[in-house]
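As provided, start-v1.txt (compact mmCIF, C-alpha atoms) reads as follows.
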```txt
# COMPACT_ATOMS: atom_id res chain seq x y z
CA MET A 1 171.53 97.46 118.24
CA SER A 2 174.29 95.93 120.24
CA ILE A 3 172.06 95.41 123.26
CA ILE A 4 170.10 92.64 121.58
CA THR A 5 172.77 90.74 119.74
CA PRO A 6 174.89 88.48 121.86
CA ASP A 7 178.48 88.38 120.89
CA PRO A 8 179.15 84.95 119.30
CA ALA A 9 182.59 85.06 120.78
CA ARG A 10 180.97 85.08 124.24
CA PRO A 11 178.84 81.93 124.52
CA SER A 12 177.92 82.64 128.13
CA GLU A 13 176.23 85.84 126.99
CA ALA A 14 174.20 83.97 124.37
CA ARG A 15 173.20 81.39 127.01
CA SER A 16 172.17 84.15 129.38
CA LEU A 17 170.01 85.81 126.72
CA GLY A 18 168.51 82.46 125.78
CA SER A 19 167.63 81.64 129.37
CA GLN A 20 166.12 85.10 129.84
CA ILE A 21 163.86 84.57 126.81
CA ALA A 22 162.95 81.08 128.06
CA ARG A 23 162.06 82.52 131.48
CA ASP A 24 159.89 85.17 129.78
CA PHE A 25 157.99 82.48 127.88
CA GLY A 26 157.53 80.64 131.18
CA ARG A 27 156.04 83.78 132.74
CA ILE A 28 153.70 84.12 129.75
CA ALA A 29 152.51 80.55 130.28
CA ILE A 30 151.79 81.33 133.95
CA LEU A 31 150.00 84.52 132.90
CA ALA A 32 147.87 82.55 130.42
CA ILE A 33 146.83 80.03 133.09
CA ALA A 34 146.03 82.82 135.56
CA SER A 35 144.00 84.65 132.87
CA LEU A 36 141.99 81.53 132.13
CA GLY A 37 141.32 81.15 135.86
CA ALA A 38 140.22 84.78 136.09
CA GLY A 39 138.00 84.38 133.01
CA LEU A 40 136.33 81.27 134.42
CA ALA A 41 135.80 82.99 137.78
CA MET A 42 134.22 86.06 136.13
CA ASN A 43 132.02 83.77 134.06
CA ARG A 44 130.91 81.95 137.20
CA PHE A 45 129.49 85.18 138.62
CA SER A 46 128.24 86.62 135.31
CA LEU A 47 124.54 87.31 134.75
CA HIS A 48 124.77 85.47 131.43
CA PRO A 49 127.47 82.82 131.93
CA LEU A 50 128.80 80.93 128.95
CA PRO A 51 128.57 77.14 129.07
CA LEU A 52 131.97 75.47 128.97
CA VAL A 53 131.25 73.98 125.55
CA TYR A 54 130.40 76.41 122.77
CA GLN A 55 126.88 76.41 121.33
CA THR A 56 126.18 77.84 117.88
CA PRO A 57 123.66 80.71 117.54
CA GLU A 58 121.21 78.18 116.07
CA GLN A 59 121.57 75.88 119.09
CA ARG A 60 121.13 78.79 121.51
CA PHE A 61 118.15 79.99 119.53
CA ASP A 62 116.48 76.58 119.67
CA ALA A 63 117.04 76.56 123.43
CA GLU A 64 115.43 80.02 123.64
CA LEU A 65 112.45 78.80 121.63
CA THR A 66 111.87 75.91 123.99
CA THR A 67 111.15 78.51 126.69
CA LEU A 68 108.27 79.84 124.54
CA VAL A 69 106.70 76.66 123.20
CA ALA A 70 106.87 73.23 124.65
CA ALA A 71 106.93 71.08 121.54
CA PRO A 72 110.25 71.00 119.77
CA PRO A 73 111.34 70.18 117.13
CA PHE A 74 109.72 73.07 115.35
CA GLU A 75 108.09 73.01 111.96
CA VAL A 76 110.33 75.37 110.10
CA ALA A 77 109.21 76.39 106.65
CA SER A 78 111.72 78.81 105.27
CA ALA A 79 110.36 82.34 105.04
CA ALA A 80 110.11 84.08 101.65
CA THR A 81 112.12 87.21 100.91
CA VAL A 82 111.20 90.73 99.80
CA GLY A 83 113.28 93.24 97.84
CA LEU A 84 114.14 96.81 98.77
CA GLU A 85 111.27 98.45 96.86
CA GLU A 86 108.61 96.20 98.37
CA PHE A 87 110.14 96.61 101.82
CA ARG A 88 110.28 100.37 101.40
CA SER A 89 106.62 100.56 100.43
CA ALA A 90 105.64 98.32 103.38
CA VAL A 91 107.55 100.62 105.74
CA GLY A 92 106.11 103.78 104.17
CA GLY A 93 102.54 102.46 104.08
CA LYS A 94 102.81 100.81 107.52
CA SER A 95 101.27 97.75 105.89
CA ALA A 96 103.49 95.28 107.78
CA LEU A 97 105.07 94.81 111.18
CA ILE A 98 108.78 95.38 110.76
CA PHE A 99 111.17 93.56 113.07
CA ASP A 100 114.88 94.20 113.41
CA ALA A 101 116.61 90.95 114.41
CA ARG A 102 120.00 92.51 115.23
CA PRO A 103 121.29 92.82 118.80
CA SER A 104 119.82 95.81 120.64
CA VAL A 105 123.12 97.68 120.63
CA PHE A 106 123.04 97.88 116.81
CA PHE A 107 119.29 98.57 116.75
CA GLU A 108 119.77 101.57 119.03
CA LYS A 109 122.51 102.99 116.81
CA GLY A 110 120.16 103.05 113.83
CA HIS A 111 117.15 101.17 112.49
CA VAL A 112 114.37 101.37 109.92
CA PRO A 113 111.71 103.88 111.10
CA GLY A 114 108.82 102.07 112.77
CA ALA A 115 110.78 98.84 113.23
CA LEU A 116 110.68 96.99 116.53
CA ASN A 117 113.64 95.13 117.97
CA LEU A 118 113.11 91.38 118.06
CA ALA A 119 116.73 90.40 118.52
CA ARG A 120 117.85 86.91 117.66
CA ASP A 121 120.25 86.87 120.59
CA ASP A 122 117.53 87.79 123.10
CA PHE A 123 114.53 86.39 121.27
CA ALA A 124 112.49 84.96 124.15
CA HIS A 125 112.80 88.17 126.20
CA ASP A 126 111.96 90.47 123.27
CA TYR A 127 109.14 88.19 122.11
CA ARG A 128 107.49 88.33 125.52
CA GLY A 129 107.91 92.12 125.57
CA LEU A 130 106.23 92.39 122.17
CA ALA A 131 103.46 89.89 122.95
CA GLY A 132 100.81 92.63 122.98
CA VAL A 133 101.84 94.04 119.61
CA LEU A 134 102.06 90.58 118.07
CA GLN A 135 98.68 89.58 119.49
CA ALA A 136 96.98 92.75 118.22
CA ALA A 137 98.38 92.33 114.72
CA HIS A 138 98.40 88.56 114.41
CA ASP A 139 97.17 88.58 110.82
CA LYS A 140 99.30 91.48 109.65
CA PRO A 141 102.26 90.67 107.40
CA ILE A 142 105.61 90.60 109.16
CA ILE A 143 108.95 91.48 107.59
CA VAL A 144 112.20 90.79 109.43
CA TYR A 145 115.64 92.16 108.62
CA CYS A 146 119.14 92.06 110.09
CA SER A 147 122.46 93.54 108.95
CA GLY A 148 122.22 92.25 105.39
CA GLY A 149 124.78 90.38 103.35
CA GLU A 150 125.45 87.08 105.04
CA CYS A 151 123.64 87.73 108.34
CA ARG A 152 121.46 84.85 109.52
CA ASP A 153 119.54 86.52 112.33
CA SER A 154 116.56 87.65 110.20
CA ARG A 155 116.18 84.14 108.77
CA LEU A 156 116.28 82.54 112.24
CA VAL A 157 113.79 85.01 113.70
CA ALA A 158 111.45 84.73 110.70
CA ASP A 159 111.51 80.92 110.85
CA ALA A 160 110.87 81.05 114.59
CA LEU A 161 107.83 83.31 114.06
CA LEU A 162 106.52 80.88 111.44
CA SER A 163 106.99 78.01 113.89
CA LEU A 164 105.16 80.04 116.55
CA GLY A 165 102.10 80.26 114.33
CA PHE A 166 102.50 83.52 112.42
CA GLY A 167 101.45 82.82 108.84
CA ASN A 168 102.75 85.73 106.80
CA VAL A 169 106.41 86.23 107.64
CA ARG A 170 109.05 87.31 105.14
CA VAL A 171 112.67 88.40 105.22
CA PHE A 172 114.16 91.58 103.78
CA SER A 173 117.49 90.03 102.80
CA GLY A 174 119.15 93.35 101.89
CA GLY A 175 118.86 94.26 105.54
CA TRP A 176 120.14 97.36 107.26
CA ASP A 177 123.12 97.63 104.87
CA ALA A 178 120.87 97.93 101.79
CA TRP A 179 118.47 100.31 103.56
CA SER A 180 121.20 102.68 104.71
CA ALA A 181 123.16 102.39 101.44
CA ALA A 182 120.02 103.61 99.62
CA GLY A 183 120.10 106.76 101.77
CA LEU A 184 116.71 106.02 103.31
CA PRO A 185 115.70 107.57 106.66
CA ALA A 186 116.74 106.01 109.94
CA SER A 187 115.60 106.15 113.55
CA THR A 188 117.78 105.75 116.61
CA GLY A 189 117.17 104.70 120.20
CA SER A 190 115.37 101.76 121.72
CA GLY A 191 112.14 102.42 119.82
CA HIS A 192 109.98 101.23 122.71
CA MET B 1 172.27 110.14 129.07
CA HIS B 2 173.17 110.07 125.38
CA PRO B 3 170.53 111.90 123.27
CA ASP B 4 170.08 108.80 121.05
CA ASN B 5 169.34 106.66 124.09
CA SER B 6 166.90 109.23 125.40
CA ARG B 7 165.06 109.29 122.09
CA ARG B 8 164.95 105.48 122.05
CA ASN B 9 163.56 105.42 125.57
CA TYR B 10 160.81 107.83 124.57
CA ALA B 11 160.07 105.69 121.52
CA VAL B 12 159.80 102.58 123.74
CA LEU B 13 157.48 104.43 126.10
CA ALA B 14 155.31 105.77 123.25
CA VAL B 15 154.99 102.37 121.56
CA SER B 16 154.31 100.65 124.90
CA VAL B 17 151.54 103.08 125.82
CA ALA B 18 149.93 102.85 122.36
CA VAL B 19 149.98 99.04 122.29
CA ALA B 20 148.87 98.86 125.93
CA ALA B 21 145.90 101.15 125.24
CA LEU B 22 144.81 99.01 122.31
CA PHE B 23 145.12 95.77 124.28
CA ILE B 24 143.35 97.14 127.35
CA TYR B 25 140.52 98.39 125.12
CA ALA B 26 140.31 95.07 123.26
CA GLY B 27 140.40 93.06 126.50
CA ILE B 28 137.66 95.08 128.21
CA ASP B 29 135.48 95.01 125.10
CA LYS B 30 135.69 91.22 124.94
CA ILE B 31 135.17 90.79 128.69
CA ARG B 32 131.94 92.77 128.34
CA ASN B 33 130.60 90.47 125.64
CA PRO B 34 132.24 87.04 125.75
CA GLN B 35 129.45 85.45 123.70
CA GLN B 36 130.13 87.82 120.81
CA PHE B 37 133.82 86.96 120.93
CA ALA B 38 133.03 83.24 121.13
CA ASP B 39 130.84 83.56 118.01
CA SER B 40 133.61 85.44 116.21
CA THR B 41 136.12 82.77 117.22
CA ALA B 42 133.78 80.01 116.02
CA GLY B 43 133.55 81.77 112.65
CA PHE B 44 137.21 80.95 111.99
CA ALA B 45 136.36 77.23 112.06
CA LEU B 46 139.75 76.42 113.58
CA LEU B 47 138.91 75.25 117.10
CA PRO B 48 136.63 72.47 118.38
CA ALA B 49 133.57 73.53 120.39
CA VAL B 50 135.19 72.48 123.68
CA LEU B 51 137.98 75.06 123.25
CA ILE B 52 136.04 78.03 121.84
CA ASN B 53 134.43 79.24 125.07
CA LEU B 54 137.60 78.59 127.06
CA LEU B 55 139.47 80.86 124.65
CA ALA B 56 136.65 83.43 124.75
CA LEU B 57 136.88 83.51 128.55
CA GLY B 58 140.65 83.29 128.95
CA LEU B 59 142.01 85.51 126.19
CA PRO B 60 140.34 88.81 127.20
CA PRO B 61 141.85 88.88 130.74
CA PHE B 62 145.16 87.87 129.14
CA GLU B 63 144.98 90.84 126.75
CA LEU B 64 144.07 93.14 129.62
CA ALA B 65 147.03 91.83 131.62
CA CYS B 66 149.35 92.32 128.62
CA GLY B 67 148.29 95.97 128.44
CA VAL B 68 148.82 96.55 132.15
CA LEU B 69 152.21 94.79 132.11
CA LEU B 70 153.34 96.97 129.21
CA LEU B 71 152.68 100.13 131.18
CA ALA B 72 154.98 99.33 134.10
CA PRO B 73 158.73 99.36 133.30
CA PRO B 74 159.62 96.31 135.46
CA THR B 75 157.04 94.11 133.68
CA ARG B 76 157.22 95.74 130.24
CA ARG B 77 159.46 93.07 128.74
CA VAL B 78 157.09 90.18 129.55
CA GLY B 79 154.08 92.24 128.44
CA ALA B 80 155.75 92.99 125.11
CA LEU B 81 156.58 89.33 124.47
CA ALA B 82 153.01 88.32 125.37
CA VAL B 83 151.63 90.89 122.91
CA ALA B 84 153.96 89.56 120.22
CA VAL B 85 152.73 86.01 120.85
CA VAL B 86 149.05 87.04 120.72
CA SER B 87 149.64 89.09 117.55
CA VAL B 88 151.19 86.07 115.83
CA MET B 89 148.19 84.00 116.91
CA PHE B 90 145.71 86.56 115.53
CA PHE B 91 147.75 86.93 112.35
CA ALA B 92 147.81 83.18 111.72
CA ALA B 93 144.06 82.85 112.32
CA LEU B 94 143.19 85.81 110.09
CA ALA B 95 145.58 84.81 107.30
CA SER B 96 144.18 81.29 107.31
CA ALA B 97 140.60 82.62 107.14
CA LEU B 98 141.51 84.94 104.26
CA LEU B 99 143.22 82.10 102.40
CA ARG B 100 140.14 79.91 102.86
CA GLY B 101 137.95 82.66 101.38
CA LEU B 102 136.01 83.27 104.60
CA THR B 103 134.34 86.60 105.25
CA LEU B 104 133.94 87.12 108.96
CA ASP B 105 134.10 89.50 111.85
CA CYS B 106 137.49 88.95 113.41
CA GLY B 107 136.30 90.15 116.81
CA CYS B 108 139.90 91.14 117.55
CA PHE B 109 139.22 94.75 118.49
CA GLY B 110 135.48 94.90 119.04
CA ALA B 111 132.48 93.52 117.17
CA GLY B 112 131.55 94.63 113.67
CA ALA B 113 129.97 93.41 110.48
CA PRO B 114 131.81 90.60 108.64
CA SER B 115 134.02 92.21 106.03
CA ARG B 116 137.09 91.13 104.05
CA PRO B 117 138.56 94.65 103.75
CA ARG B 118 138.32 94.92 107.54
CA MET B 119 140.04 91.54 107.88
CA TRP B 120 142.93 92.81 105.75
CA LEU B 121 143.08 95.95 107.86
CA GLU B 122 143.21 93.89 111.06
CA LEU B 123 145.90 91.69 109.53
CA ALA B 124 147.97 94.83 108.92
CA LEU B 125 147.26 95.98 112.47
CA ASP B 126 148.55 92.63 113.76
CA VAL B 127 151.78 93.15 111.83
CA ALA B 128 152.11 96.64 113.34
CA LEU B 129 151.39 95.31 116.83
CA PHE B 130 153.90 92.51 116.43
CA SER B 131 156.56 94.95 115.20
CA GLY B 132 155.86 97.36 118.05
CA ALA B 133 155.91 94.61 120.67
CA LEU B 134 159.10 93.12 119.27
CA PHE B 135 160.74 96.55 119.29
CA VAL B 136 159.81 97.07 122.95
CA TYR B 137 160.92 93.55 123.89
CA LEU B 138 164.27 93.79 122.15
CA ARG B 139 164.92 97.22 123.67
CA SER B 140 164.00 95.87 127.10
CA ILE B 141 166.42 92.96 127.06
CA THR B 142 169.49 94.15 128.87
CA ARG B 143 172.84 92.61 128.22
CA ARG B 144 174.17 91.00 131.30
CA PRO B 145 177.91 91.02 131.62
CA ALA B 146 179.37 87.54 131.58
CA ARG B 147 180.54 86.52 134.99
CA ALA B 148 184.03 85.30 135.47
CA ALA B 149 184.19 81.64 136.25
```

As structure tokens, how would this structure be written, given the file I've shared?
Amino acid sequence: MSIITPDPARPSEARSLGSQIARDFGRIAILAIASLGAGLAMNRFSLHPLPLVYQTPEQRFDAELTTLVAAPPFEVASAATVGLEEFRSAVGGKSALIFDARPSVFFEKGHVPGALNLARDDFAHDYRGLAGVLQAAHDKPIIVYCSGGECRDSRLVADALLSLGFGNVRVFSGGWDAWSAAGLPASTGSGH
Amino acid sequence: MHPDNSRRNYAVLAVSVAVAALFIYAGIDKIRNPQQFADSTAGFALLPAVLINLLALGLPPFELACGVLLLAPPTRRVGALAVAVVSVMFFAALASALLRGLTLDCGCFGAGAPSRPRMWLELALDVALFSGALFVYLRSITRRPARAA
């Protein structure tokens, strides 16, 4: 590819190519600065703007919880877990309230039949929306799940429910992955 | 025009359009959910908290711009070099995460469940993107005749 290889016998050509590449990197730097400016401007007018300093999901979740109860720090006793068979029988027998802690976009794509979306990333909003259900079944066992594997959302939501005064809250640690891998039925849509 | 040159020009166009489509898609997807991308970025444990959100806000418009620049012949060269730079950045981050034994959602081309096989796949995609971008960049550099002093 002769077009890309400067002739070593022609140093001016090599210099020209070098300066062209240097100019291109300069343009990329300008583009990067402009992109950051555009990103910050879009964030300024976003409905859910990001703070300039990153907050972990746990920090954001704690901030959400403070909008529901006024006495942080919360008493967090870690919720117990249930296996697939116990979870399956609770779903089949409707003996527990089932909450899906994943973001609504994943919930709508597929969830355990009868489950309600109590998303970790929109906990305060969903919790207020489900206040009636939670009030009516305050003493009923609650089981929370998320994607499965290493997801933390079910644990966070379960611990938050415990700290909000619900006594019988457990986590199905297999989550949606284990449920769907077992070929069990699924529902789609918002479920409300 | 020589048939070889014509074929090469079509190849440049095809690669540019494919890479541009991927970058425009990735940019828009991240712009729609910057928090998700910030969480994915944090999962790599490479950047301090003060830089994570700045990257999550700045990189998506940059990717979008790369895609748009690749589509127009006068700006294709800069777009291709920018894609190559971003691909190297993604590759380095992913390779480092894989070497450290992390299992995470890269967040490079949309959100998904954390998965090591997917990380390997995205690493391979970065290599393909880098190769494609380099091909377009090298084809776009025109030799300038040396001027007489």

Q: Find the spatial neighbours of segment 161-170 of chain A, counting all atoms listed in the file, within a cut-off of 9 Å - ignore same-chain residues fewer than 2 positions away - and output them as a PyMOL selection string.
A: chain A and resi 65+68-69+74-82+138-145+155-159+172

Q: Within 8 Å of chain A, which residues of chain B are there when counting all atoms listed in the file? Please give them as a ChimeraX atom specification.
A: /B:34-35,38-39,49-55,57-62,65,77-78,81-82,113,138-139,141-146

Q: Tell me, in Å to one decimal, how far atom CA of Gln36 of chain B is from atom CA of Asp105 of chain B.
A: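 Answer for the atom CA of Gln36 of chain B to atom CA of Asp105 of chain B separation: 9.9 Å.
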
Q. When you draw a straight line from atom CA of Val91 of chain A to atom CA of Leu118 of chain A, how long is it in Å?
A.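 Pair atom CA of Val91 of chain A / atom CA of Leu118 of chain A returns 16.4 Å.
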
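Pairwise distance (atom CA of Asn33 of chain B, atom CA of Val127 of chain B) equals 25.4 Å.
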
Q | All residues 10 Å or closer to Pro113 of chain A, all atoms listed in the file, same chain fewer than 4 positions away omitted, as a PyMOL selection string | A | chain A and resi 91-92+98+184-188+191

Hey, could you pull the box centre and edge lengths for segment 79-90 of chain B, axis-aligned, 3 Å padding per side, all listed atoms, to one decimal in Å, as lines of an AutoDock Vina configuration file?
```
center_x = 151.1
center_y = 88.5
center_z = 122.0
size_x = 16.9
size_y = 15.0
size_z = 18.9
```
